[in-house]
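As provided, final.cif (mmCIF, C-alpha atoms) reads as follows.
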data_my_file
loop_
_atom_site.label_atom_id
_atom_site.label_comp_id
_atom_site.auth_asym_id
_atom_site.auth_seq_id
_atom_site.Cartn_x
_atom_site.Cartn_y
_atom_site.Cartn_z
CA MET A 1 0.00 0.00 0.00
CA SER A 2 1.43 3.39 -0.96
CA GLY A 3 1.89 6.26 1.48
CA PHE A 4 -0.97 7.99 -0.26
CA GLN A 5 -3.28 5.05 0.38
CA GLN A 6 -2.07 4.71 3.95
CA GLY A 7 -2.94 8.32 4.56
CA ILE A 8 -6.42 7.75 3.21
CA GLN A 9 -6.83 4.55 5.19
CA ALA A 10 -5.91 6.26 8.43
CA ALA A 11 -8.48 9.00 7.83
CA ILE A 12 -11.48 6.73 7.29
CA PRO A 13 -12.70 6.59 10.92
CA ALA A 14 -12.59 10.39 11.22
CA LEU A 15 -14.30 10.83 7.85
CA ARG A 16 -17.10 8.55 8.97
CA ARG A 17 -17.51 10.52 12.18
CA TYR A 18 -17.58 13.83 10.33
CA ALA A 19 -20.01 12.52 7.70
CA ARG A 20 -22.31 11.09 10.37
CA ALA A 21 -22.51 14.43 12.13
CA LEU A 22 -22.93 16.30 8.84
CA THR A 23 -25.79 14.14 7.55
CA ARG A 24 -27.11 12.68 10.82
CA ASP A 25 -27.88 9.46 8.97
CA GLY A 26 -25.61 6.43 9.05
CA GLU A 27 -26.26 5.10 5.57
CA THR A 28 -26.14 8.47 3.86
CA ALA A 29 -22.93 9.21 5.75
CA ASP A 30 -21.22 6.01 4.65
CA ASP A 31 -22.30 6.52 1.04
CA LEU A 32 -20.73 9.94 1.27
CA VAL A 33 -17.51 8.50 2.67
CA GLN A 34 -17.38 5.85 -0.05
CA ASP A 35 -17.85 8.46 -2.75
CA THR A 36 -15.11 10.52 -1.11
CA LEU A 37 -12.69 7.58 -1.08
CA VAL A 38 -13.43 6.58 -4.66
CA ARG A 39 -12.89 10.13 -5.79
CA ALA A 40 -9.69 10.51 -3.78
CA LEU A 41 -8.24 7.26 -5.12
CA ARG A 42 -9.07 8.34 -8.62
CA SER A 43 -7.53 11.76 -8.13
CA GLU A 44 -4.15 10.89 -6.66
CA HIS A 45 -2.50 12.88 -9.42
CA LEU A 46 -4.39 15.97 -8.22
CA PHE A 47 -3.05 15.70 -4.69
CA HIS A 48 0.08 17.82 -4.44
CA GLY A 49 1.27 17.03 -0.95
CA GLY A 50 0.04 18.83 2.14
CA ASP A 51 -2.30 17.40 4.71
CA ILE A 52 -4.17 14.51 3.18
CA ARG A 53 -6.81 14.67 5.90
CA SER A 54 -7.74 18.24 5.02
CA TRP A 55 -7.90 17.28 1.38
CA LEU A 56 -10.32 14.46 2.17
CA TYR A 57 -12.46 16.73 4.36
CA THR A 58 -12.60 19.13 1.43
CA ILE A 59 -13.82 16.47 -0.97
CA LEU A 60 -16.40 15.19 1.48
CA THR A 61 -17.63 18.70 2.26
CA ASN A 62 -18.05 19.47 -1.44
CA LEU A 63 -19.82 16.19 -2.16
CA ASN A 64 -22.18 16.85 0.71
CA ARG A 65 -22.92 20.35 -0.50
CA ASN A 66 -23.85 18.94 -3.88
CA ARG A 67 -25.99 16.33 -2.22
CA LEU A 68 -27.90 19.04 -0.36
CA ARG A 69 -28.35 20.97 -3.58
CA SER A 70 -29.71 17.98 -5.40
CA LEU A 71 -32.02 17.23 -2.48
CA ALA A 72 -33.30 20.77 -2.62
CA ARG A 73 -34.27 20.20 -6.23
CA ARG A 74 -36.26 17.11 -5.35
CA PRO A 75 -39.67 17.02 -3.76
CA ALA A 76 -39.17 16.70 -0.02
CA ILE A 77 -39.35 13.15 1.21
CA THR A 78 -37.49 13.59 4.47
CA PRO A 79 -39.43 12.74 7.61
CA ILE A 80 -40.80 15.67 9.55
CA GLU A 81 -38.29 15.90 12.33
CA ASP A 82 -40.33 17.78 14.84
CA GLY A 83 -43.14 15.26 14.76
CA ASP A 84 -41.72 13.24 17.61
CA ALA A 85 -41.62 15.97 20.21
CA ALA A 86 -42.37 13.40 22.90
CA ASP A 87 -38.74 12.35 22.67
CA SER A 88 -37.49 15.48 24.34
CA SER A 89 -37.15 13.62 27.61
CA GLY A 90 -35.33 10.45 28.48
CA PRO A 91 -31.72 9.41 28.11
CA GLU A 92 -31.52 10.14 24.39
CA ALA A 93 -32.87 13.65 24.73
CA GLY A 94 -29.49 15.35 25.01
CA GLY A 95 -28.17 13.70 21.86
CA ARG A 96 -31.31 14.44 19.92
CA ASP A 97 -31.32 18.05 20.90
CA ILE A 98 -27.84 18.65 19.61
CA GLU A 99 -28.73 16.69 16.49
CA ARG A 100 -31.73 18.91 15.78
CA ALA A 101 -29.81 22.02 16.62
CA LEU A 102 -27.16 21.01 14.07
CA ALA A 103 -29.84 20.19 11.52
CA ALA A 104 -31.23 23.71 11.87
CA LEU A 105 -27.92 25.34 10.90
CA VAL A 106 -26.94 26.63 7.50
CA ASP A 107 -24.60 24.07 5.90
CA ASP A 108 -21.52 26.33 5.84
CA GLN A 109 -21.90 27.10 9.54
CA ARG A 110 -22.42 23.44 10.42
CA VAL A 111 -19.31 22.48 8.46
CA ALA A 112 -17.19 25.13 10.21
CA LEU A 113 -18.40 24.12 13.65
CA LEU A 114 -17.98 20.38 13.13
CA LEU A 115 -14.54 20.67 11.62
CA VAL A 116 -13.37 22.69 14.61
CA VAL A 117 -15.20 20.99 17.45
CA LEU A 118 -15.44 17.38 16.29
CA GLU A 119 -12.48 17.04 13.94
CA GLY A 120 -10.10 19.37 15.76
CA LEU A 121 -8.99 21.32 12.69
CA THR A 122 -7.36 24.70 13.16
CA TYR A 123 -9.19 27.77 11.92
CA ARG A 124 -6.65 28.03 9.12
CA GLU A 125 -7.31 24.46 8.00
CA VAL A 126 -11.05 25.04 8.05
CA ALA A 127 -10.54 28.15 5.93
CA GLU A 128 -8.69 26.03 3.38
CA VAL A 129 -11.35 23.31 3.38
CA GLN A 130 -14.11 25.86 2.89
CA GLY A 131 -12.10 28.01 0.51
CA VAL A 132 -12.77 31.23 2.44
CA PRO A 133 -10.74 33.68 4.55
CA ILE A 134 -10.27 32.91 8.26
CA GLY A 135 -12.52 35.84 9.17
CA THR A 136 -15.39 34.12 7.38
CA VAL A 137 -14.73 30.90 9.28
CA MET A 138 -14.80 32.85 12.54
CA SER A 139 -18.12 34.47 11.75
CA ARG A 140 -19.61 31.15 10.68
CA LEU A 141 -18.45 29.61 13.90
CA ALA A 142 -19.87 32.49 15.93
CA ARG A 143 -23.23 32.34 14.20
CA ALA A 144 -23.42 28.57 14.53
CA ARG A 145 -22.73 28.75 18.25
CA ALA A 146 -25.16 31.58 18.86
CA GLN A 147 -27.87 29.78 16.93
CA ILE A 148 -27.40 26.47 18.69
CA ARG A 149 -27.49 28.23 22.02
CA ALA A 150 -30.72 30.01 21.12
CA TYR A 151 -32.16 26.79 19.76
CA LEU A 152 -31.40 24.77 22.88
CA ASP A 153 -32.58 27.53 25.19
CA GLY A 154 -35.78 27.97 23.26
CA GLU A 155 -36.61 24.34 22.89
CA ARG A 156 -36.25 23.14 26.44
CA PRO A 157 -36.80 26.04 28.81
CA PRO A 158 -37.53 23.88 31.88
CA LEU A 159 -34.33 21.89 31.46
CA ARG A 160 -31.91 24.58 30.45
CA ARG A 161 -30.08 24.64 33.72
CA VAL A 162 -29.37 20.95 33.74
CA LYS A 163 -25.64 20.39 33.68
CA MET B 1 -6.52 48.46 37.82
CA VAL B 2 -9.50 47.06 36.00
CA ASP B 3 -9.25 49.83 33.43
CA ARG B 4 -5.88 48.54 32.32
CA GLU B 5 -7.25 45.09 31.69
CA PRO B 6 -6.91 44.26 27.95
CA THR B 7 -10.22 43.82 26.14
CA VAL B 8 -10.98 40.29 25.00
CA SER B 9 -12.78 40.01 21.68
CA GLU B 10 -15.39 37.41 20.78
CA GLU B 11 -12.90 35.85 18.39
CA GLU B 12 -10.50 35.36 21.24
CA LEU B 13 -13.24 33.72 23.27
CA HIS B 14 -13.83 31.21 20.47
CA ALA B 15 -10.12 30.58 20.14
CA TYR B 16 -9.95 30.07 23.90
CA VAL B 17 -12.78 27.49 23.85
CA ASP B 18 -11.21 25.73 20.87
CA GLY B 19 -7.76 25.65 22.37
CA GLN B 20 -6.38 27.75 19.54
CA ILE B 21 -4.67 30.50 21.52
CA ALA B 22 -1.28 30.48 23.17
CA GLY B 23 -0.98 29.49 26.82
CA GLY B 24 -0.11 33.00 27.97
CA GLU B 25 -3.24 34.46 26.45
CA CYS B 26 -5.34 31.83 28.17
CA ALA B 27 -4.62 33.45 31.49
CA VAL B 28 -5.70 36.83 30.13
CA VAL B 29 -9.01 35.39 28.93
CA GLU B 30 -9.60 33.53 32.17
CA LYS B 31 -9.07 36.70 34.14
CA TRP B 32 -11.49 38.51 31.84
CA LEU B 33 -14.15 35.85 32.33
CA GLU B 34 -13.99 36.26 36.10
CA SER B 35 -15.24 39.79 35.77
CA HIS B 36 -17.55 39.30 32.74
CA PRO B 37 -20.28 36.82 33.63
CA GLU B 38 -22.09 37.11 30.30
CA ASP B 39 -18.99 36.10 28.41
CA ALA B 40 -18.37 33.37 30.96
CA ALA B 41 -21.89 32.04 30.32
CA ARG B 42 -21.29 32.08 26.57
CA VAL B 43 -18.04 30.22 26.94
CA ALA B 44 -19.72 27.65 29.17
CA ALA B 45 -22.55 27.20 26.66
CA TRP B 46 -20.11 26.76 23.75
CA ARG B 47 -18.17 24.19 25.73
CA ALA B 48 -21.34 22.31 26.54
CA GLN B 49 -22.29 22.32 22.83
CA ALA B 50 -18.90 20.95 21.87
CA GLU B 51 -19.16 18.24 24.48
CA ALA B 52 -22.66 17.31 23.32
CA ILE B 53 -21.46 17.06 19.72
CA ARG B 54 -18.51 14.91 20.70
CA ALA B 55 -20.67 12.77 22.95
CA ARG B 56 -23.15 12.24 20.14
CA TYR B 57 -20.75 11.48 17.27
CA GLY B 58 -17.31 10.87 18.72
CA ALA B 59 -17.77 7.13 19.08
CA VAL B 60 -18.28 6.69 15.33
CA ALA B 61 -14.53 6.97 14.86
CA SER B 62 -13.95 4.00 17.17
CA GLU B 63 -16.31 1.71 15.27
CA PRO B 64 -14.56 -0.94 13.21
CA VAL B 65 -14.26 0.22 9.61
CA PRO B 66 -16.82 -1.69 7.51
CA PRO B 67 -15.41 -3.85 4.69
CA ARG B 68 -17.04 -1.65 2.06
CA PHE B 69 -14.22 0.84 2.66
CA ASP B 70 -11.45 -1.61 1.80
CA LEU B 71 -9.19 0.55 -0.33
CA ASP B 72 -7.84 -2.27 -2.47
CA ARG B 73 -11.33 -3.26 -3.36
CA LEU B 74 -12.34 0.32 -4.07
CA THR B 75 -9.26 0.79 -6.22
CA ARG B 76 -9.93 -2.37 -8.17
CA ALA B 77 -13.56 -1.44 -8.63
CA ASN B 78 -12.38 1.98 -9.66
CA ARG B 79 -10.05 0.61 -12.29
CA LYS B 80 -12.44 -1.90 -13.70
CA TRP B 81 -15.69 -0.02 -13.55
CA PRO B 82 -15.67 3.56 -14.32
CA ARG B 83 -13.77 3.72 -17.53
CA LEU B 84 -16.83 5.81 -18.23
CA ALA B 85 -16.25 7.72 -15.03
CA ALA B 86 -12.82 8.58 -16.33
CA ALA B 87 -14.45 9.85 -19.49
CA ALA B 88 -16.89 11.87 -17.40
CA ALA B 89 -14.03 13.28 -15.34
CA LEU B 90 -12.17 14.23 -18.48
CA LEU B 91 -15.25 15.92 -19.85
CA ALA B 92 -15.79 17.75 -16.57
CA PHE B 93 -12.20 18.87 -16.68
CA LEU B 94 -12.57 20.06 -20.24
CA VAL B 95 -15.61 22.14 -19.48
CA GLY B 96 -13.78 23.62 -16.49
CA GLY B 97 -15.77 21.82 -13.86
CA THR B 98 -14.87 22.15 -10.22
CA ALA B 99 -14.36 19.45 -7.64
CA GLY B 100 -17.97 19.84 -6.69
CA TRP B 101 -19.15 19.21 -10.20
CA LEU B 102 -17.31 15.94 -10.34
CA GLY B 103 -18.72 14.83 -7.05
CA ARG B 104 -22.24 15.61 -8.10
CA GLY B 105 -22.58 12.74 -10.47
CA ALA B 106 -21.14 10.35 -7.94
CA TRP B 107 -23.62 11.43 -5.38
CA GLU B 108 -26.89 12.03 -7.12
CA GLY B 109 -27.03 8.41 -8.04
CA ALA B 110 -27.34 7.41 -4.43
CA MET B 111 -31.00 8.24 -4.07
CA PRO B 112 -32.21 6.61 -7.30
CA ALA B 113 -29.94 3.74 -6.32
CA ARG B 114 -32.22 2.90 -3.49
CA ALA B 115 -35.40 3.06 -5.55
CA VAL B 116 -34.05 0.92 -8.38
CA THR B 117 -32.37 -1.51 -6.01
CA THR B 118 -35.60 -1.93 -4.09
CA GLU B 119 -37.55 -2.66 -7.26
CA ALA B 120 -34.95 -5.13 -8.41
CA LEU B 121 -34.75 -6.87 -5.07
CA ASP B 122 -38.52 -7.17 -4.84
CA ALA B 123 -38.60 -8.81 -8.24
CA HIS B 124 -35.62 -10.96 -7.38
CA ARG B 125 -37.17 -12.29 -4.18
CA LEU B 126 -40.55 -12.84 -5.77
CA TYR B 127 -39.38 -14.74 -8.82
CA ILE B 128 -36.41 -16.77 -7.62
CA ALA B 129 -38.80 -18.61 -5.31
CA GLU B 130 -40.91 -19.74 -8.27
CA VAL B 131 -40.26 -23.35 -9.17
CA ARG B 132 -42.33 -23.67 -12.31
CA HIS B 133 -42.67 -20.14 -13.62
CA PRO B 134 -39.61 -18.18 -12.60
CA ILE B 135 -39.45 -16.57 -16.01
CA GLU B 136 -41.76 -15.51 -18.78
CA VAL B 137 -39.73 -16.40 -21.83
CA LYS B 138 -37.28 -19.28 -21.81
CA ALA B 139 -33.61 -18.95 -22.62
CA GLY B 140 -33.80 -20.87 -25.90
CA GLU B 141 -36.45 -18.66 -27.48
CA SER B 142 -34.91 -16.45 -30.13
CA HIS B 143 -37.22 -13.52 -29.47
CA LEU B 144 -36.25 -13.21 -25.78
CA ASN B 145 -33.52 -10.63 -26.21
CA PRO B 146 -34.98 -8.55 -29.06
CA TRP B 147 -38.26 -8.37 -27.19
CA LEU B 148 -36.81 -7.20 -23.89
CA ALA B 149 -34.39 -4.79 -25.57
CA ARG B 150 -37.24 -3.23 -27.53
CA ARG B 151 -39.55 -2.93 -24.54
CA ILE B 152 -37.00 -1.29 -22.24
CA GLY B 153 -35.75 0.88 -25.07
CA TYR B 154 -32.13 -0.11 -24.74
CA PRO B 155 -30.07 -2.56 -26.83
CA LEU B 156 -29.07 -4.72 -23.89
CA PRO B 157 -27.05 -7.80 -24.85
CA THR B 158 -28.15 -10.91 -22.96
CA PRO B 159 -25.47 -11.35 -20.30
CA ASP B 160 -23.68 -14.67 -20.71
CA LEU B 161 -22.58 -16.07 -17.34
CA ASP B 162 -21.67 -19.60 -18.47
CA THR B 163 -18.04 -19.09 -17.52
CA LEU B 164 -19.17 -18.53 -13.92
CA GLY B 165 -21.24 -21.70 -13.94
CA LEU B 166 -24.52 -19.84 -14.19
CA LYS B 167 -27.03 -21.01 -16.75
CA LEU B 168 -29.53 -18.57 -18.24
CA LEU B 169 -33.09 -19.62 -17.44
CA GLY B 170 -34.77 -16.81 -19.32
CA GLY B 171 -36.22 -13.40 -18.75
CA ARG B 172 -39.28 -11.36 -18.05
CA LEU B 173 -40.60 -7.87 -18.46
CA LEU B 174 -41.44 -5.86 -15.34
CA PRO B 175 -43.08 -2.53 -14.62
CA GLY B 176 -40.68 0.03 -13.14
CA THR B 177 -41.33 3.37 -11.52
CA SER B 178 -42.30 6.31 -13.72
CA GLY B 179 -43.69 3.93 -16.31
CA ARG B 180 -40.33 2.64 -17.50
CA ALA B 181 -40.30 -1.05 -18.24
CA ALA B 182 -37.52 -3.17 -16.80
CA ALA B 183 -35.92 -6.39 -18.02
CA LEU B 184 -35.12 -9.18 -15.60
CA TYR B 185 -32.82 -12.03 -16.61
CA MET B 186 -32.57 -15.04 -14.34
CA TYR B 187 -29.66 -17.46 -13.98
CA GLU B 188 -29.21 -20.65 -12.05
CA GLY B 189 -26.05 -22.18 -10.57
CA SER B 190 -25.11 -25.82 -10.06
CA THR B 191 -26.69 -25.99 -6.62
CA GLY B 192 -29.91 -24.29 -7.64
CA GLU B 193 -28.89 -20.81 -6.41
CA ARG B 194 -30.38 -18.08 -8.52
CA PHE B 195 -29.09 -14.74 -9.70
CA THR B 196 -30.96 -12.00 -11.50
CA VAL B 197 -29.83 -9.14 -13.69
CA TYR B 198 -32.25 -6.23 -13.62
CA CYS B 199 -31.99 -3.43 -16.13
CA ARG B 200 -33.98 -0.37 -16.98
CA ARG B 201 -33.48 3.08 -18.37
CA ASP B 202 -32.91 5.62 -15.65
CA GLN B 203 -32.01 9.25 -15.98
CA ALA B 204 -29.70 9.05 -12.98
CA PRO B 205 -26.11 10.18 -13.47
CA GLN B 206 -23.50 7.50 -13.54
CA THR B 207 -22.52 6.00 -10.20
CA ALA B 208 -19.72 3.91 -8.88
CA LEU B 209 -20.49 0.32 -8.09
CA ARG B 210 -22.48 -0.05 -4.90
CA TYR B 211 -23.13 -3.11 -2.83
CA ARG B 212 -26.06 -3.68 -0.50
CA ALA B 213 -27.00 -6.78 1.40
CA THR B 214 -30.33 -7.33 3.08
CA GLY B 215 -30.48 -10.66 4.85
CA PRO B 216 -29.54 -13.53 2.56
CA VAL B 217 -29.75 -11.46 -0.63
CA GLY B 218 -27.09 -9.10 -1.90
CA SER B 219 -27.03 -6.79 -4.87
CA PHE B 220 -24.65 -4.69 -6.87
CA PHE B 221 -25.97 -1.54 -8.44
CA TRP B 222 -24.57 0.85 -11.02
CA VAL B 223 -25.73 3.34 -13.59
CA ASP B 224 -24.07 3.66 -16.93
CA ASP B 225 -25.11 5.78 -19.85
CA ASP B 226 -28.61 6.41 -18.43
CA VAL B 227 -29.22 2.74 -17.80
CA ALA B 228 -29.44 1.29 -14.30
CA PHE B 229 -28.29 -2.25 -13.57
CA VAL B 230 -28.89 -4.31 -10.46
CA VAL B 231 -27.28 -7.71 -10.12
CA SER B 232 -28.77 -9.72 -7.25
CA GLY B 233 -28.06 -13.10 -5.76
CA PRO B 234 -26.99 -14.87 -2.59
CA ALA B 235 -25.16 -12.43 -0.33
CA ASP B 236 -21.69 -13.74 -1.11
CA ARG B 237 -20.07 -10.50 -2.01
CA ALA B 238 -17.00 -11.80 -3.80
CA ARG B 239 -18.98 -14.09 -6.04
CA LEU B 240 -21.66 -11.53 -6.71
CA GLN B 241 -19.03 -8.98 -7.62
CA LYS B 242 -17.61 -11.38 -10.21
CA VAL B 243 -21.06 -11.76 -11.70
CA ALA B 244 -21.60 -8.00 -11.69
CA GLU B 245 -18.21 -7.36 -13.29
CA THR B 246 -18.89 -9.90 -15.99
CA VAL B 247 -22.22 -8.27 -16.80
CA TYR B 248 -20.60 -4.87 -16.80
CA GLU B 249 -17.79 -5.94 -19.12
CA GLN B 250 -20.21 -7.48 -21.58
CA VAL B 251 -22.53 -4.51 -21.60
CA GLU B 252 -19.63 -2.14 -21.96
CA SER B 253 -17.94 -3.95 -24.81
CA HIS B 254 -21.30 -4.10 -26.55
CA GLN B 255 -21.73 -0.37 -26.04
CA ARG B 256 -18.22 0.36 -27.20
CA THR B 257 -18.61 -1.35 -30.50
CA SER B 258 -21.96 0.24 -31.19
CA SER B 259 -21.00 3.74 -30.15
CA THR B 260 -17.42 4.10 -31.30
CA LEU B 261 -18.33 6.37 -34.16
CA ARG B 262 -20.58 8.58 -32.06
CA HIS B 263 -17.94 8.78 -29.36
CA LEU B 264 -15.21 9.75 -31.80
CA SER B 265 -17.24 12.61 -33.14
CA ASP B 266 -17.95 13.75 -29.55
CA VAL B 267 -14.27 13.85 -28.76
CA ARG B 268 -13.58 15.88 -31.85
CA ALA B 269 -16.32 18.29 -30.91
CA VAL B 270 -14.81 18.79 -27.46
CA ARG B 271 -11.30 19.34 -28.85
CA ARG B 272 -12.57 22.03 -31.09
#

I need this file expressed as structure tokens, please.
Amino acid sequence: MSGFQQGIQAAIPALRRYARALTRDGETADDLVQDTLVRALRSEHLFHGGDIRSWLYTILTNLNRNRLRSLARRPAITPIEDGDAADSSGPEAGGRDIERALAALVDDQRVALLLVVLEGLTYREVAEVQGVPIGTVMSRLARARAQIRAYLDGERPPLRRVK
Amino acid sequence: MVDREPTVSEEELHAYVDGQIAGGECAVVEKWLESHPEDAARVAAWRAQAEAIRARYGAVASEPVPPRFDLDRLTRANRKWPRLAAAAALLAFLVGGTAGWLGRGAWEGAMPARAVTTEALDAHRLYIAEVRHPIEVKAGESHLNPWLARRIGYPLPTPDLDTLGLKLLGGRLLPGTSGRAAALYMYEGSTGERFTVYCRRDQAPQTALRYRATGPVGSFFWVDDDVAFVVSGPADRARLQKVAETVYEQVESHQRTSSTLRHLSDVRAVRR
């Protein structure tokens, strides 16, 4: 296995984690990862050194953006997420809340937040993945955090002080 | 004293939460937070968000990597399958497409993939169980192929799987979604195991080979040149992949011979 392939191999668990958080659906996430890997393997000649992980995050982020675009063109067939409001208690409630809060974000903000918080990328690396200046990453991050905070505060007022 | 305290910006607060400021500055921010409860509350909320996100998704990275991500297999599939994908990539490059453009085709197939695969699997399960009437038209009948090809509107060659020990039983016509007819060919192996090749026109962009297994039945799916193929059989991935590759090769070589002229003129058009 070449160094290139080893780099890809090592990144698969993190890519799956990132894709799962981005799409919040296991099967969709793994399809996305597979498409990312196939595309990366096919594009070795386009990889000119640097951090292979960032390169893979970039591919995955772009593929996901296109997926969202193509979904937007289709008639909506996604389940209505707020239909199961009864789930806002119980052991899963915390996880579901953050999941819904992430779902409510604009894609660019969600990407910035997840790459920083979940994947541990530096602001500079996120800027490269998203192809924008660092200032834009910072404002995306700020908006994402403010919105999630408002979302969580608004959705569960009686429980907001639970730590 | 407090007046001389340096102001801490929101950006610095984010960098503090994300561990992206130098150690010395940490102390400055911490001091600031002691006297600015609103900022302290924000920082606490951001930390809690980050923890919730990591708690929700962090464990995914510790799961064993599923075999579908085996790089050797993906590379092989890559080499064998999308000769057309390479052509698509070249075309995308020529028209100045971006990374996103290339990815689009790979992705958009995923949703139709499920619909077509479901149809094919339903038909597969229904008809392989038939002892006496698994097919409509028997293998020996000369009109089998022309009939199916005409009805699905695509010059599909009858896949020949003799080399894999699979004998053609025959075929049948099926209704597909959006009124497109589908062809189903059925094959039988030496121990009575049955495979089907399902094919119908589908406006989905080309996809890489995809494998899905549900219980004892597995299937390989791909889209090529606006035609979707689903090869189903017992969920033995390696064997099924051989079958799928054989079908693919035959269809592709058939296509190549019949479209060489058209293709050549396309290439010339692009060069110009």

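With the cut-off set to 6 Å and only C-alpha atoms counted, chain A residues close to chain B are Pro13, Ala14, Arg17, Asn62, Leu63, Asn66, Gly95, Val117 and Leu118 of chain A.
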
Dump C-alpha atoms for the selected residues as a short mmCIF file (atom, residue, chain, number, x, y, z; two decimals), keeping the file's coordinate frame?
data_model
loop_
_atom_site.label_atom_id
_atom_site.label_comp_id
_atom_site.auth_asym_id
_atom_site.auth_seq_id
_atom_site.Cartn_x
_atom_site.Cartn_y
_atom_site.Cartn_z
CA PRO A 13 -12.70 6.59 10.92
CA ALA A 14 -12.59 10.39 11.22
CA ARG A 17 -17.51 10.52 12.18
CA ASN A 62 -18.05 19.47 -1.44
CA LEU A 63 -19.82 16.19 -2.16
CA ASN A 66 -23.85 18.94 -3.88
CA GLY A 95 -28.17 13.70 21.86
CA VAL A 117 -15.20 20.99 17.45
CA LEU A 118 -15.44 17.38 16.29
#

Task: Residue members of the PyMOL selection byres ((chain A and resi 144) around 10) in the file shown, as a PyMOL selection string - done: (chain A and resi 101-102+104-114+138-143+145-150) or (chain B and resi 46)

Open item on the list: Evaluated on this file, the PyMOL selection byres ((chain A and resi 4) around 10) picks out some residues - which ones are they, written as a list in words?
Closed with: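 This file gives the following for the PyMOL selection byres ((chain A and resi 4) around 10): Met1, Ser2, Gly3, Gln5, Gln6, Gly7, Ile8, Gln9, Ala40, Leu41, Glu44, Phe47, Gly49 and Ile52 of chain A.
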
Task: Gap from CA of Lys138 (chain B) to CA of Thr196 (chain B) - Å, one decimal - done: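 Straight-line distance from CA of Lys138 (chain B) to CA of Thr196 (chain B) works out to 14.1 Å.
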
- [ ] Starting from the shown file, work through the PyMOL selection byres ((chain B and resi 167) around 8) and note down what comes out as a list of chain:residue names.
- [x] B:Leu161, B:Asp162, B:Gly165, B:Leu166, B:Leu168, B:Leu169, B:Tyr187, B:Glu188, B:Gly189

Write out as an mmCIF file with C-alpha atoms, keeping the file's coordinate frame which residues come within 10 Å of Arg212 (chain B) when counting all atoms listed in the file, dropping same-chain ones fewer than 2 positions away.
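Produced file result_36.cif, reproduced below:
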data_model
loop_
_atom_site.group_PDB
_atom_site.id
_atom_site.type_symbol
_atom_site.label_atom_id
_atom_site.label_comp_id
_atom_site.auth_asym_id
_atom_site.auth_seq_id
_atom_site.Cartn_x
_atom_site.Cartn_y
_atom_site.Cartn_z
ATOM 1 C CA ARG B 68 -17.040 -1.650 2.060
ATOM 2 C CA ARG B 114 -32.220 2.900 -3.490
ATOM 3 C CA THR B 117 -32.370 -1.510 -6.010
ATOM 4 C CA ARG B 210 -22.480 -0.050 -4.900
ATOM 5 C CA THR B 214 -30.330 -7.330 3.080
ATOM 6 C CA GLY B 215 -30.480 -10.660 4.850
ATOM 7 C CA VAL B 217 -29.750 -11.460 -0.630
ATOM 8 C CA GLY B 218 -27.090 -9.100 -1.900
ATOM 9 C CA SER B 219 -27.030 -6.790 -4.870
ATOM 10 C CA PHE B 220 -24.650 -4.690 -6.870
ATOM 11 C CA PHE B 221 -25.970 -1.540 -8.440
ATOM 12 C CA SER B 232 -28.770 -9.720 -7.250
ATOM 13 C CA ALA B 235 -25.160 -12.430 -0.330
ATOM 14 C CA ARG B 237 -20.070 -10.500 -2.010
#

Open item on the list: Using all atoms listed in the file, which protein or nucleic acid residues come within 9 Å of Asp236 (chain B)? Drop anything in the same chain fewer than 2 positions from it, and give the result as a list in words.
Closed with: Pro216, Val217, Gly218, Gly233, Pro234, Ala238, Arg239, Leu240 and Gln241 of chain B

Task: Of the listed residues B:Glu34, B:Glu12, B:Asp39, B:Glu119, that which approaches Gly176 (chain B) most closely, counting only C-alpha atoms - done: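 Looking only at the distances to Gly176 (chain B), the closest residue turns out to be B:Glu119.
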
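Distance-wise, CA of Arg194 (chain B) and CA of Val131 (chain B) end up 11.2 Å apart.
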
Listed atoms of region 20-33 of chain A boxed axis-aligned with 5 Å per side, centre + edges as JSON:
{"center_x": -22.7, "center_y": 10.7, "center_z": 6.6, "size_x": 20.4, "size_y": 21.2, "size_z": 21.1}

Task: All residues 7 Å or closer to Ala181 (chain B), all atoms listed in the file, same chain fewer than 5 positions away omitted, as a PyMOL selection string - done: chain B and resi 151-152+173-176+200

Which residues are close to Glu128 (chain A), i.e. within 10 Å by all atoms listed in the file, leaving aside same-chain residues fewer than 5 positions away? Reply as a short mmCIF file (atom, residue, chain, number, x, y, z; two decimals) with C-alpha atoms, in the coordinates of the input.
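out-v2.cif, freshly written:
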data_model
loop_
_atom_site.label_atom_id
_atom_site.label_comp_id
_atom_site.auth_asym_id
_atom_site.auth_seq_id
_atom_site.Cartn_x
_atom_site.Cartn_y
_atom_site.Cartn_z
CA SER A 54 -7.74 18.24 5.02
CA TRP A 55 -7.90 17.28 1.38
CA THR A 58 -12.60 19.13 1.43
CA THR A 122 -7.36 24.70 13.16
CA TYR A 123 -9.19 27.77 11.92
CA PRO A 133 -10.74 33.68 4.55
CA ILE A 134 -10.27 32.91 8.26
CA VAL A 137 -14.73 30.90 9.28
#

TODO: Mind giving me the straight-line distance from CA of His143 (chain B) to CA of Ser190 (chain B) in Å, one decimal?
DONE: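 Between CA of His143 (chain B) and CA of Ser190 (chain B) the gap is 26.0 Å.
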
TODO: Write out as a VMD selection string which residues come within 10 Å of Thr28 (chain A) when counting all atoms listed in the file, dropping same-chain ones fewer than 3 positions away.
DONE: (chain A and resid 19 to 20 22 to 25 31 to 34 64 67) or (chain B and resid 110 to 111)

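Between Arg53 (chain A) and the candidates A:Val116, A:Ala21, A:Val132, A:Ala10, the tightest atom-to-atom separation, counting all atoms listed in the file, involves A:Ala10.
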
Task: Nearest candidate to Val230 (chain B) (options B:Leu164, B:Val116, B:Met186, B:Ala123; using all atoms listed in the file) - done: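 Of all the options, B:Val116 lies closest to Val230 (chain B).
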